[in-house]
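*Asks:* For reference, the file protein_8.cif (mmCIF, C-alpha atoms) is included below:
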```cif
data_data
#
loop_
_atom_site.label_atom_id
_atom_site.label_comp_id
_atom_site.auth_asym_id
_atom_site.auth_seq_id
_atom_site.Cartn_x
_atom_site.Cartn_y
_atom_site.Cartn_z
CA MET A 17 26.84 103.00 93.94
CA GLY A 18 28.90 104.23 96.91
CA ARG A 19 29.02 100.76 98.42
CA SER A 20 30.17 99.33 95.09
CA THR A 21 32.96 101.93 94.90
CA LYS A 22 34.07 101.18 98.46
CA THR A 23 34.16 97.49 97.56
CA TRP A 24 36.22 97.89 94.38
CA TRP A 25 38.81 100.51 95.41
CA PRO A 26 40.62 98.32 97.99
CA ALA A 27 40.69 95.43 95.51
CA LEU A 28 42.08 97.66 92.74
CA LEU A 29 44.68 99.15 95.08
CA LEU A 30 45.72 95.70 96.29
CA GLY A 31 45.94 94.47 92.70
CA ALA A 32 48.09 97.45 91.70
CA LEU A 33 50.44 96.92 94.64
CA PHE A 34 50.71 93.22 93.78
CA ALA A 35 51.52 94.05 90.13
CA VAL A 36 54.19 96.57 91.11
CA GLY A 37 55.74 94.11 93.54
CA TYR A 38 55.63 91.31 90.97
CA VAL A 39 57.30 93.55 88.37
CA TRP A 40 60.03 94.44 90.86
CA LEU A 41 60.67 90.78 91.68
CA THR A 42 60.69 89.82 87.99
CA TYR A 43 63.12 92.61 87.17
CA THR A 44 65.39 92.08 90.17
CA PHE A 45 65.74 88.32 89.97
CA PHE A 46 65.20 87.58 86.27
CA THR A 47 65.17 90.22 83.52
CA SER A 48 68.06 92.30 84.95
CA ARG A 49 70.23 89.17 85.16
CA TRP A 50 69.24 87.03 82.16
CA LEU A 51 69.22 88.14 78.56
CA GLY A 52 66.21 87.13 76.51
CA GLY A 53 62.81 88.37 75.46
CA ASN A 54 63.98 88.48 71.83
CA ASP A 55 60.48 88.68 70.36
CA LEU A 56 59.62 91.65 72.56
CA PHE A 57 62.97 93.33 71.90
CA VAL A 58 62.43 93.36 68.13
CA VAL A 59 59.05 95.04 68.54
CA TRP A 60 60.15 97.39 71.37
CA ARG A 61 63.27 98.53 69.50
CA ALA A 62 61.43 99.05 66.22
CA ILE A 63 58.62 101.07 67.83
CA ARG A 64 61.23 103.08 69.75
CA ALA A 65 63.02 103.83 66.48
CA TRP A 66 59.73 105.07 65.03
CA VAL A 67 58.41 107.09 67.99
CA VAL A 68 61.66 108.44 69.45
CA GLU A 69 64.00 108.56 66.44
CA GLY A 70 61.51 109.13 63.62
CA GLN A 71 62.71 106.17 61.54
CA ASP A 72 60.79 103.65 59.45
CA PRO A 73 60.39 100.71 61.89
CA TYR A 74 60.30 98.30 58.95
CA GLY A 75 63.39 99.78 57.28
CA ALA A 76 66.78 98.20 56.75
CA ALA A 77 68.51 100.69 59.08
CA VAL A 78 66.29 99.71 62.03
CA THR A 79 66.66 96.00 61.25
CA ARG A 80 70.44 96.41 61.22
CA ALA A 81 70.34 98.26 64.55
CA ILE A 82 68.29 95.43 66.06
CA GLN A 83 70.81 92.87 64.79
CA LEU A 84 73.77 94.78 66.21
CA GLU A 85 72.14 95.17 69.62
CA MET A 86 70.95 91.55 69.78
CA LEU A 87 73.82 89.71 68.10
CA GLY A 88 76.69 92.20 68.28
CA ARG A 89 77.03 91.92 64.50
CA PRO A 90 74.89 92.02 61.33
CA ALA A 91 72.92 88.82 60.74
CA ALA A 92 74.44 86.62 58.07
CA PRO A 93 72.47 85.55 54.99
CA GLY A 94 70.37 82.52 55.86
CA GLU A 95 70.09 83.55 59.51
CA HIS A 96 66.97 85.00 61.08
CA GLN A 97 67.14 88.72 60.29
CA PHE A 98 65.03 89.91 63.26
CA GLY A 99 63.09 92.40 61.18
CA PHE A 100 59.95 94.03 62.54
CA ALA A 101 56.94 92.43 60.78
CA TYR A 102 53.83 93.38 62.79
CA PRO A 103 50.98 95.73 61.90
CA LEU A 104 51.86 99.13 63.34
CA GLY A 105 48.85 98.99 65.64
CA ILE A 106 51.00 96.90 68.00
CA ALA A 107 52.43 100.26 69.09
CA LEU A 108 49.28 100.67 71.22
CA PHE A 109 50.77 98.14 73.65
CA ILE A 110 54.47 99.00 73.25
CA VAL A 111 54.54 102.80 73.53
CA PRO A 112 53.89 102.75 77.31
CA LEU A 113 57.04 100.61 77.70
CA LEU A 114 59.35 103.00 75.82
CA PRO A 115 60.32 105.23 78.79
CA PHE A 116 61.90 102.26 80.54
CA PRO A 117 65.20 100.47 79.84
CA PHE A 118 64.55 97.19 78.11
CA PRO A 119 65.12 94.86 81.11
CA LEU A 120 62.50 96.77 83.12
CA ALA A 121 60.19 97.03 80.11
CA ARG A 122 60.51 93.28 79.68
CA ALA A 123 59.60 92.67 83.33
CA ILE A 124 56.49 94.85 82.99
CA TRP A 125 55.56 93.06 79.77
CA MET A 126 55.99 89.59 81.28
CA VAL A 127 53.71 90.48 84.19
CA LEU A 128 51.17 91.97 81.76
CA LEU A 129 51.18 88.80 79.66
CA GLN A 130 50.54 86.68 82.74
CA GLY A 131 47.66 88.96 83.67
CA LEU A 132 46.25 88.52 80.18
CA MET A 133 46.39 84.74 80.64
CA VAL A 134 44.28 85.14 83.78
CA LEU A 135 41.80 87.09 81.66
CA PHE A 136 42.01 84.34 79.02
CA VAL A 137 40.97 81.68 81.55
CA VAL A 138 38.33 83.70 83.43
CA THR A 139 36.48 84.83 80.31
CA THR A 140 36.53 81.34 78.79
CA VAL A 141 35.04 79.55 81.82
CA TRP A 142 32.38 82.28 82.33
CA PRO A 143 29.51 82.04 83.36
CA ARG A 144 30.80 79.15 85.50
CA ARG A 145 32.26 80.34 88.77
CA PRO A 146 34.90 77.78 89.69
CA ARG A 147 36.01 77.53 93.29
CA PRO A 148 39.18 79.54 94.00
CA VAL A 149 41.25 76.36 94.14
CA GLU A 150 40.03 75.18 90.74
CA LEU A 151 40.42 78.62 89.18
CA SER A 152 43.96 78.88 90.51
CA ALA A 153 44.75 75.44 89.10
CA LEU A 154 43.34 76.46 85.71
CA VAL A 155 45.46 79.62 85.62
CA ILE A 156 48.62 77.75 86.66
CA ALA A 157 47.98 75.09 84.01
CA ALA A 158 47.46 77.78 81.35
CA LEU A 159 50.72 79.50 82.35
CA PHE A 160 52.75 76.26 82.23
CA PHE A 161 51.22 75.17 78.92
CA TYR A 162 54.23 74.93 76.57
CA PRO A 163 53.11 77.61 74.06
CA THR A 164 52.21 80.00 76.90
CA ALA A 165 55.43 79.51 78.87
CA ARG A 166 57.51 79.99 75.73
CA ALA A 167 55.51 83.07 74.74
CA ILE A 168 55.97 84.73 78.14
CA ILE A 169 59.71 84.05 78.20
CA LEU A 170 60.14 85.40 74.66
CA GLY A 171 57.73 88.31 75.24
CA GLN A 172 55.52 87.19 72.35
CA PRO A 173 52.50 89.39 71.46
CA ALA A 174 50.69 86.12 70.69
CA VAL A 175 49.44 86.26 74.29
CA VAL A 176 47.71 89.57 73.55
CA VAL A 177 45.97 88.04 70.55
CA ALA A 178 44.99 84.88 72.45
CA ALA A 179 43.42 87.00 75.20
CA ALA A 180 41.60 89.08 72.57
CA VAL A 181 40.21 85.87 71.03
CA ALA A 182 38.97 84.71 74.45
CA VAL A 183 37.35 88.09 75.12
CA THR A 184 35.69 87.96 71.69
CA LEU A 185 34.11 84.59 72.45
CA TRP A 186 33.04 85.74 75.93
CA ALA A 187 31.49 88.93 74.58
CA LEU A 188 29.55 87.01 71.93
CA ARG A 189 28.12 84.72 74.62
CA ALA A 190 27.30 87.70 76.84
CA GLY A 191 25.50 89.62 74.07
CA ARG A 192 28.08 92.42 74.06
CA GLY A 193 28.44 92.88 70.32
CA GLY A 194 30.45 96.08 70.36
CA THR A 195 32.97 94.62 72.78
CA ALA A 196 33.20 91.44 70.71
CA GLY A 197 33.90 93.45 67.57
CA ALA A 198 36.55 95.60 69.26
CA ALA A 199 38.33 92.52 70.67
CA LEU A 200 38.07 90.84 67.25
CA ALA A 201 39.86 93.82 65.71
CA LEU A 202 42.72 93.41 68.19
CA THR A 203 43.22 89.81 67.06
CA THR A 204 44.35 91.11 63.65
CA LEU A 205 47.69 92.11 65.21
CA LYS A 206 48.81 88.56 64.32
CA PRO A 207 46.97 87.61 61.11
CA GLN A 208 48.48 84.12 60.98
CA MET A 209 46.65 83.22 64.21
CA ILE A 210 43.17 84.25 63.06
CA PHE A 211 42.90 84.36 59.26
CA LEU A 212 39.97 81.88 59.28
CA PHE A 213 38.57 82.96 62.67
CA VAL A 214 37.87 86.62 61.85
CA PRO A 215 35.90 85.97 58.62
CA ALA A 216 33.98 83.18 60.35
CA ALA A 217 33.03 85.46 63.26
CA LEU A 218 32.01 88.34 61.00
CA LEU A 219 29.94 86.11 58.69
CA TRP A 220 28.12 84.59 61.65
CA ALA A 221 27.48 88.04 63.17
CA TRP A 222 25.95 89.25 59.90
CA ARG A 223 23.79 86.17 59.55
CA ALA A 224 22.62 86.47 63.17
CA GLY A 225 21.80 90.15 62.81
CA ARG A 226 24.49 91.17 65.30
CA ARG A 227 25.38 94.43 63.55
CA ALA A 228 27.07 95.78 66.69
CA VAL A 229 29.85 93.23 66.14
CA TRP A 230 30.52 94.74 62.73
CA TRP A 231 30.42 98.28 64.07
CA GLY A 232 32.76 97.43 66.93
CA PHE A 233 35.13 95.65 64.58
CA GLY A 234 35.06 98.30 61.88
CA VAL A 235 35.61 101.29 64.16
CA SER A 236 38.31 99.57 66.21
CA PHE A 237 40.11 98.18 63.15
CA LEU A 238 40.06 101.63 61.55
CA LEU A 239 41.47 103.30 64.68
CA LEU A 240 44.07 100.58 65.17
CA ASN A 241 45.38 101.02 61.63
CA ALA A 242 44.52 104.62 60.72
CA VAL A 243 45.90 106.38 63.78
CA PRO A 244 49.51 105.20 63.13
CA ALA A 245 49.05 106.31 59.52
CA LEU A 246 48.67 109.91 60.72
CA TRP A 247 52.39 109.85 61.57
CA PHE A 248 53.55 107.24 59.05
CA PRO A 249 51.17 107.10 56.06
CA ALA A 250 53.22 104.52 54.16
CA TRP A 251 53.29 101.93 56.95
CA PRO A 252 50.94 99.40 55.25
CA LEU A 253 53.26 99.18 52.24
CA SER A 254 56.34 98.89 54.46
CA PHE A 255 54.57 96.22 56.51
CA LEU A 256 53.76 94.13 53.43
CA ALA A 257 57.39 94.38 52.29
CA ALA A 258 58.55 93.27 55.76
CA VAL A 259 56.17 90.30 55.68
CA ARG A 260 57.53 89.30 52.26
CA ASP A 261 61.10 89.49 53.56
CA TYR A 262 60.16 87.58 56.72
CA ALA A 263 58.73 84.73 54.63
CA GLY A 264 62.01 84.60 52.74
CA TYR A 265 64.35 84.20 55.71
CA THR A 266 62.32 82.11 58.13
CA ARG A 267 63.13 78.44 58.24
CA LEU A 268 61.04 75.33 57.51
CA VAL A 269 60.36 74.98 61.23
CA GLN A 270 57.93 77.87 60.92
CA ASP A 271 55.86 76.22 58.21
CA ALA A 272 52.29 75.10 58.85
CA PRO A 273 51.91 71.94 60.96
CA LEU A 274 50.15 70.35 58.01
CA MET A 275 53.28 70.87 55.90
CA ILE A 276 55.45 69.44 58.68
CA VAL A 277 53.25 66.34 58.82
CA GLY A 278 53.60 66.03 55.03
CA ALA A 279 57.35 66.72 54.94
CA GLY A 280 57.99 63.17 53.73
CA LEU A 281 56.17 64.05 50.49
CA GLY A 282 58.87 66.55 49.58
CA PRO A 283 58.49 70.34 49.32
CA GLN A 284 55.99 70.22 46.46
CA GLY A 285 53.99 67.43 48.06
CA ALA A 286 53.87 69.24 51.39
CA SER A 287 52.73 72.44 49.69
CA ALA A 288 50.03 70.52 47.83
CA LEU A 289 48.91 68.94 51.10
CA LEU A 290 48.65 72.39 52.67
CA ALA A 291 46.63 73.74 49.73
CA GLY A 292 44.30 70.73 49.84
CA GLY A 293 44.00 70.97 53.61
CA LEU A 294 43.08 74.64 53.39
CA LEU A 295 40.34 73.84 50.86
CA VAL A 296 39.00 71.10 53.13
CA ALA A 297 39.10 73.46 56.11
CA ILE A 298 37.12 76.12 54.26
CA GLY A 299 34.63 73.52 53.08
CA TRP A 300 34.16 72.14 56.59
CA LEU A 301 33.68 75.62 58.03
CA ALA A 302 31.14 76.39 55.30
CA TYR A 303 29.23 73.23 56.21
CA LEU A 304 29.24 74.13 59.91
CA PHE A 305 28.17 77.68 59.12
CA LEU A 306 25.20 76.56 57.04
CA THR A 307 24.08 73.89 59.52
CA THR A 308 24.56 75.83 62.77
CA LEU A 309 21.56 77.58 64.29
CA PRO A 310 22.50 81.23 64.91
CA ASP A 311 20.92 81.21 68.39
CA ASP A 312 22.58 77.97 69.61
CA ALA A 313 25.33 79.58 71.69
CA GLU A 314 27.38 76.43 72.18
CA ALA A 315 27.19 75.42 68.52
CA VAL A 316 28.22 78.88 67.35
CA GLU A 317 31.22 78.88 69.68
CA HIS A 318 32.08 75.36 68.49
CA PHE A 319 32.03 76.64 64.89
CA LEU A 320 34.38 79.51 65.80
CA LEU A 321 36.69 77.17 67.71
CA TRP A 322 36.91 75.00 64.60
CA ALA A 323 38.00 78.12 62.69
CA LEU A 324 40.77 78.72 65.24
CA VAL A 325 42.08 75.16 65.25
CA LEU A 326 41.99 74.84 61.46
CA THR A 327 43.88 78.14 61.24
CA MET A 328 46.48 76.60 63.53
CA TRP A 329 46.90 73.66 61.15
CA THR A 330 47.12 75.72 57.95
CA ALA A 331 48.89 78.98 58.91
CA TRP A 332 51.60 79.45 56.30
CA ARG A 333 54.09 81.01 58.76
CA THR A 334 53.50 80.19 62.39
CA ALA A 335 55.14 79.50 65.75
CA THR A 336 54.37 77.30 68.72
CA THR A 337 53.63 80.47 70.71
CA ASN A 338 50.64 81.03 68.44
CA GLN A 339 49.11 77.77 69.69
CA ILE A 340 47.98 79.16 73.06
CA VAL A 341 44.42 79.28 71.68
CA ALA A 342 44.44 75.46 71.57
CA LEU A 343 43.37 75.55 75.23
CA LEU A 344 40.07 77.25 74.34
CA PRO A 345 38.21 74.13 73.10
CA LEU A 346 39.16 72.19 76.23
CA LEU A 347 38.18 75.02 78.60
CA ALA A 348 34.93 75.55 76.70
CA TRP A 349 34.08 71.85 77.01
CA ARG A 350 34.71 72.01 80.76
CA ARG A 351 32.29 74.94 80.95
CA ALA A 352 29.78 72.93 78.93
CA GLY A 353 29.80 70.02 81.37
CA LEU A 354 32.92 67.89 80.87
CA SER A 355 33.62 66.06 84.13
CA ALA A 356 36.52 67.23 86.27
CA ARG A 357 38.26 63.84 85.95
CA ALA A 358 38.08 63.82 82.14
CA PHE A 359 39.03 67.48 81.93
CA TRP A 360 42.13 67.19 84.09
CA GLY A 361 43.15 64.00 82.32
CA ALA A 362 43.02 65.88 79.03
CA MET A 363 44.76 68.89 80.55
CA LEU A 364 47.57 66.63 81.73
CA ALA A 365 48.06 65.52 78.12
CA PHE A 366 48.05 69.15 76.96
CA LEU A 367 50.71 69.99 79.53
CA ALA A 368 52.94 66.92 79.28
CA VAL A 369 52.99 65.94 75.60
CA PRO A 370 54.23 69.23 74.05
CA TRP A 371 56.94 69.61 76.68
CA TRP A 372 58.02 65.99 76.19
CA VAL A 373 58.23 66.37 72.39
CA PHE A 374 60.17 69.63 72.72
CA LEU A 375 62.68 68.19 75.21
CA ALA A 376 63.08 65.00 73.19
CA THR A 377 63.80 66.82 69.91
CA VAL A 378 65.42 70.16 70.81
CA VAL A 379 68.83 70.82 69.26
CA GLY A 380 70.82 73.38 71.21
CA ASP A 381 68.29 76.14 71.92
CA SER A 382 66.31 75.58 68.72
CA GLU A 383 62.89 74.00 68.40
CA GLN A 384 62.52 71.29 65.80
CA PRO A 385 59.55 70.87 63.43
CA ALA A 386 58.14 68.03 65.55
CA ALA A 387 57.39 70.51 68.36
CA TYR A 388 54.77 72.20 66.15
CA VAL A 389 52.54 69.14 65.80
CA PRO A 390 51.33 67.85 69.23
CA VAL A 391 49.21 70.84 70.23
CA PRO A 392 47.19 71.03 66.97
CA VAL A 393 46.63 67.26 67.18
CA LEU A 394 45.32 67.51 70.76
CA ALA A 395 43.09 70.49 69.95
CA LEU A 396 41.63 68.71 66.92
CA ALA A 397 40.94 65.60 69.04
CA VAL A 398 39.06 67.72 71.61
CA LEU A 399 36.91 69.31 68.90
CA LEU A 400 36.06 65.95 67.34
CA LEU A 401 35.12 64.45 70.72
CA PHE A 402 33.16 67.56 71.64
CA ARG A 403 31.19 67.32 68.38
CA PHE A 404 30.44 63.64 69.00
CA ARG A 405 29.18 64.47 72.49
CA ARG A 406 26.91 67.22 71.14
CA ARG A 407 25.37 64.81 68.63
CA GLU A 408 24.76 62.30 71.42
CA HIS A 409 22.82 64.96 73.35
CA GLY A 410 20.79 66.25 70.43
CA GLY A 411 23.17 69.00 69.34
CA THR A 412 21.83 71.67 71.66
CA SER A 413 23.59 73.57 74.36
CA ARG A 414 23.08 72.42 77.93
CA VAL A 415 24.63 75.61 79.34
CA GLU A 416 22.14 77.89 81.05
CA PRO A 417 22.71 81.55 80.15
CA ALA A 418 23.80 83.86 82.92
CA PRO A 419 21.33 86.58 83.95
CA GLN A 420 23.43 89.18 82.15
CA MET A 421 22.94 87.31 78.87
CA THR A 422 19.19 87.67 78.97
CA ALA A 423 18.76 90.90 80.86
CA ARG A 424 20.75 93.27 78.67
CA ALA A 425 20.50 94.08 75.00
CA GLU A 426 23.44 93.77 72.68
CA GLU A 427 25.70 96.75 72.56
#
```
Starting from the file, give its structure as structure tokens.

*Replies:*
Amino acid sequence: MGRSTKTWWPALLLGALFAVGYVWLTYTFFTSRWLGGNDLFVVWRAIRAWVVEGQDPYGAAVTRAIQLEMLGRPAAPGEHQFGFAYPLGIALFIVPLLPFPFPLARAIWMVLLQGLMVLFVVTTVWPRRPRPVELSALVIAALFFYPTARAIILGQPAVVVAAAVAVTLWALRAGRGGTAGAALALTTLKPQMIFLFVPAALLWAWRAGRRAVWWGFGVSFLLLNAVPALWFPAWPLSFLAAVRDYAGYTRLVQDAPLMIVGAGLGPQGASALLAGGLLVAIGWLAYLFLTTLPDDAEAVEHFLLWALVLTMWTAWRTATTNQIVALLPLLAWRRAGLSARAFWGAMLAFLAVPWWVFLATVVGDSEQPAAYVPVPVLALAVLLLFRFRRREHGGTSRVEPAPQMTARAEE
């Protein structure tokens, strides 16, 4: 035990010093000089209004204050109103940033998000232990992936949810049911990223007898949502009202990729395509659920990855930053035996195509609807090819479990 402590303390101290230095560099050369981080500012300012000023973070007064500080004026009708529209549990991550001025808080947040992307990659490739050069390349690729880069610049909490999804999948593979359930609860901070994933994971856990997943999810979800209610009991109702208002003032560009693909059918046709696509998605997930063996680790993860990608296609209000999870199927396939040449060829497409579409279609500083489509298409292609490969090899996992997976019982 003593030797283990002596081994870890220097590494932890070095990591802390690196983080502090990285925050200082980010603040000095970027966040103190360049305005931005709008998505973080809305959340930071609203939580500050609640914790420090005692106001309703979803209220009109706080929304107006955010507009004045961001725009220098009230937002006009038809413009984005910049209202706070997250579950109040997001305060768990934002409260530690409140003592700092926003430029410094933003620098801390950007470094934290990059650290979470390291966690995202490491947990997804586990139990493989890539060489340091390959692991570094994976992390760099994940950071320069268009949805990730945009999320970090904007300060989007989507990175938190993406990391929680990756930890959930890792914990399920490792037999850590309580941890999986707790991480799954954290994913609910952005419901539009996981509205098919969470039910799929919970249904599988029940079928497989993994009750610890349910306990971990239930307790964590209750704490995440009940603790803020001790200070603001009406927050769920205010949150629902904010979500309704948000849906009213967001533009077409935030519609589901399936609606964007069907835009030529007109508004009603696109809505019908989305409704039909959602029914097909649920039917496909039901088929996979009924035909997947609960103890086939790779097949179960494949089922859950389908839930993520189909959520990406059908989310009624979304953003390209929510598409970070599209990297999970490709990383999982690499772990399952995809050759390095094929993997990096696919990764090159994941990196180049979304950036190319964005740069070719951007108007001013605004994304266009076309930017929402490439990543879901690439993720769907990976899942279809992965499924074909599994069928070729008999549909069973070729990944050997790590010793931890067989030596310890589920939490």

*Asks:* Of the residues A:Pro385, A:Gln71, A:Arg166, A:Asp311, which is the one nearest to A:Gly225, using only C-alpha atoms?

*Replies:*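 Distance minimum relative to A:Gly225 lands on A:Asp311.
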
*Asks:* Given the file shown, enumerate the residues that the PyMOL selection byres ((chain A and resi 112-116) around 9) captures and present them as a list in words.

*Replies:*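 Applied to this file, the PyMOL selection byres ((chain A and resi 112-116) around 9) returns Trp60, Arg61, Ile63, Arg64, Val67, Val68, Ala107, Leu108, Phe109, Ile110, Val111, Pro117, Phe118, Pro119, Leu120, Ala121, Arg122, Ile124 and Trp125 of chain A.
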
*Asks:* Take the residues that were just selected and, keeping C-alpha atoms, output them as a PDB file, in the coordinates of the input.

*Replies:*
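New file out_33.pdb:
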```pdb
ATOM      1  CA  TRP A  60      60.150  97.390  71.370  1.00  0.00           C
ATOM      2  CA  ARG A  61      63.270  98.530  69.500  1.00  0.00           C
ATOM      3  CA  ILE A  63      58.620 101.070  67.830  1.00  0.00           C
ATOM      4  CA  ARG A  64      61.230 103.080  69.750  1.00  0.00           C
ATOM      5  CA  VAL A  67      58.410 107.090  67.990  1.00  0.00           C
ATOM      6  CA  VAL A  68      61.660 108.440  69.450  1.00  0.00           C
ATOM      7  CA  ALA A 107      52.430 100.260  69.090  1.00  0.00           C
ATOM      8  CA  LEU A 108      49.280 100.670  71.220  1.00  0.00           C
ATOM      9  CA  PHE A 109      50.770  98.140  73.650  1.00  0.00           C
ATOM     10  CA  ILE A 110      54.470  99.000  73.250  1.00  0.00           C
ATOM     11  CA  VAL A 111      54.540 102.800  73.530  1.00  0.00           C
ATOM     12  CA  PRO A 117      65.200 100.470  79.840  1.00  0.00           C
ATOM     13  CA  PHE A 118      64.550  97.190  78.110  1.00  0.00           C
ATOM     14  CA  PRO A 119      65.120  94.860  81.110  1.00  0.00           C
ATOM     15  CA  LEU A 120      62.500  96.770  83.120  1.00  0.00           C
ATOM     16  CA  ALA A 121      60.190  97.030  80.110  1.00  0.00           C
ATOM     17  CA  ARG A 122      60.510  93.280  79.680  1.00  0.00           C
ATOM     18  CA  ILE A 124      56.490  94.850  82.990  1.00  0.00           C
ATOM     19  CA  TRP A 125      55.560  93.060  79.770  1.00  0.00           C
TER      20      TRP A 125
END
```

*Asks:* Which residues, written as an NGL selection string, have at least one atom at most 10 Å from stretch 277-285 of chain A, with only C-alpha atoms counted and residues fewer than 5 positions away on the same chain left out?

*Replies:* :A and (268 or 272 or 290-291 or 329 or 385-386 or 388-389)

*Asks:* Env of A:Val235: 8 Å cut, atoms = only C-alpha atoms, seq-sep filter 4 positions within chain, self excluded. Answer as an NGL selection string.

*Replies:* :A and (198 or 231 or 239)

*Asks:* Residue by residue, what does the PyMOL selection byres ((chain A and resi 133) around 8) grab here? Present the result as a VMD selection string.

*Replies:* chain A and resid 129 to 132 134 to 137 155 158 to 159 175 179

*Asks:* Under the rule that all atoms listed in the file are counted, which of A:Val325, A:Ile340, A:Ile82, A:Met126 is the nearest residue to A:Ile169?

*Replies:*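 Distance minimum relative to A:Ile169 lands on A:Met126.
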
*Asks:* Separation of atom CA of A:Val36 and atom CA of A:Ala123, in Å?

*Replies:* 10.2 Å

*Asks:* May I ask for the distance between atom CA of A:Pro273 and atom CA of A:Thr330, given in Å to one decimal place?

*Replies:* 6.8 Å

*Asks:* Nearest residue to A:Pro310 out of A:Ala224, A:Ala362, A:Leu401, A:Val141, using all atoms listed in the file?

*Replies:*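 Closest residue, counting all atoms listed in the file: A:Ala224.
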
*Asks:* I need the output of the PyMOL selection byres ((chain A and resi 206) around 8) for this file as a VMD selection string; which residues are they?

*Replies:* chain A and resid 102 to 103 174 177 203 to 205 207 to 210

*Asks:* Restricting the calculation to all atoms listed in the file, which member of A:Leu364, A:Leu51, A:Val127, A:Ile298 is positioned closest to A:Phe34?

*Replies:*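 Answer, going by the shortest atom-to-atom distance: A:Val127.
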
*Asks:* At what distance in Å, to one decimal, does atom CA of A:Trp40 lie from atom CA of A:Ala178?

*Replies:*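 Atom-to-atom, atom CA of A:Ala178 to atom CA of A:Trp40, that is 25.6 Å.
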
*Asks:* Kindly indicate which residue among A:Leu274, A:Ala190, A:Ala76, A:Leu289 lies nearest to A:Ala331, using all atoms listed in the file for the distances.

*Replies:* A:Leu274

*Asks:* So that I can check the surroundings of A:Ala395, please list as an NGL selection string every protein, DNA and RNA residue that reaches within 7 Å of it, counting only C-alpha atoms and ignoring chain neighbours fewer than 2 positions away.

*Replies:* :A and (325 or 342 or 345 or 391-393 or 397-399)

*Asks:* Can I get the selection written as a tab-separated table (two decimals), keeping the file's coordinate frame, with C-alpha atoms?

*Replies:*
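Printed below is part_14.tsv as written:
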```
chain	number	residue	atom	x	y	z
A	325	VAL	CA	42.08	75.16	65.25
A	342	ALA	CA	44.44	75.46	71.57
A	345	PRO	CA	38.21	74.13	73.10
A	391	VAL	CA	49.21	70.84	70.23
A	392	PRO	CA	47.19	71.03	66.97
A	393	VAL	CA	46.63	67.26	67.18
A	397	ALA	CA	40.94	65.60	69.04
A	398	VAL	CA	39.06	67.72	71.61
A	399	LEU	CA	36.91	69.31	68.90
```

*Asks:* Compile the contact shell of A:Phe233 as a PyMOL selection string: residues with an atom at most 9 Å away, counting all atoms listed in the file, same-chain residues fewer than 6 positions apart removed.

*Replies:* chain A and resi 194-202+218

*Asks:* Which residue is closest to A:Ala315? Choose from A:Phe161, A:Trp66, A:Phe57, A:Phe402 and count all atoms listed in the file.

*Replies:* A:Phe402

*Asks:* Got a sec: who's within 12 Å of A:Asp72, counting only C-alpha atoms, leaving out chain neighbours fewer than 6 positions off, as a PyMOL selection string?

*Replies:* chain A and resi 61-66+78-79+99-101+104+244+247-255+258

*Asks:* Find the axis-aligned box for stretch 72-89 of chain A, covering all its listed atoms and adding 3 Å on each side, and write its centre and edge lengths in Å to one decimal as JSON.

*Replies:*
```
{"center_x": 68.7, "center_y": 96.7, "center_z": 63.3, "size_x": 22.7, "size_y": 19.9, "size_z": 19.0}
```

*Asks:* Can you give me N, CA and C atoms for stretch 183-192 of chain A, written as a PDB file, in the coordinates of the input?

*Replies:*
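The resulting rebuild_32.pdb:
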```
ATOM      1  N   VAL A 183      38.313  87.021  74.822  1.00  0.00           N
ATOM      2  CA  VAL A 183      37.350  88.090  75.120  1.00  0.00           C
ATOM      3  C   VAL A 183      36.278  88.171  74.038  1.00  0.00           C
ATOM      4  N   THR A 184      36.669  87.969  72.784  1.00  0.00           N
ATOM      5  CA  THR A 184      35.690  87.960  71.690  1.00  0.00           C
ATOM      6  C   THR A 184      34.627  86.895  71.915  1.00  0.00           C
ATOM      7  N   LEU A 185      35.052  85.680  72.232  1.00  0.00           N
ATOM      8  CA  LEU A 185      34.110  84.590  72.450  1.00  0.00           C
ATOM      9  C   LEU A 185      33.225  84.848  73.673  1.00  0.00           C
ATOM     10  N   TRP A 186      33.830  85.381  74.738  1.00  0.00           N
ATOM     11  CA  TRP A 186      33.040  85.740  75.930  1.00  0.00           C
ATOM     12  C   TRP A 186      31.992  86.796  75.595  1.00  0.00           C
ATOM     13  N   ALA A 187      32.404  87.838  74.888  1.00  0.00           N
ATOM     14  CA  ALA A 187      31.490  88.930  74.580  1.00  0.00           C
ATOM     15  C   ALA A 187      30.341  88.471  73.684  1.00  0.00           C
ATOM     16  N   LEU A 188      30.614  87.549  72.768  1.00  0.00           N
ATOM     17  CA  LEU A 188      29.550  87.010  71.930  1.00  0.00           C
ATOM     18  C   LEU A 188      28.544  86.236  72.778  1.00  0.00           C
ATOM     19  N   ARG A 189      29.032  85.453  73.737  1.00  0.00           N
ATOM     20  CA  ARG A 189      28.120  84.720  74.620  1.00  0.00           C
ATOM     21  C   ARG A 189      27.321  85.664  75.501  1.00  0.00           C
ATOM     22  N   ALA A 190      27.933  86.769  75.916  1.00  0.00           N
ATOM     23  CA  ALA A 190      27.300  87.700  76.840  1.00  0.00           C
ATOM     24  C   ALA A 190      26.396  88.709  76.137  1.00  0.00           C
ATOM     25  N   GLY A 191      26.329  88.671  74.796  1.00  0.00           N
ATOM     26  CA  GLY A 191      25.500  89.620  74.070  1.00  0.00           C
ATOM     27  C   GLY A 191      26.098  91.008  73.969  1.00  0.00           C
ATOM     28  N   ARG A 192      27.403  91.126  74.140  1.00  0.00           N
ATOM     29  CA  ARG A 192      28.080  92.420  74.060  1.00  0.00           C
ATOM     30  C   ARG A 192      28.742  92.534  72.687  1.00  0.00           C
TER      31      ARG A 192
END
```
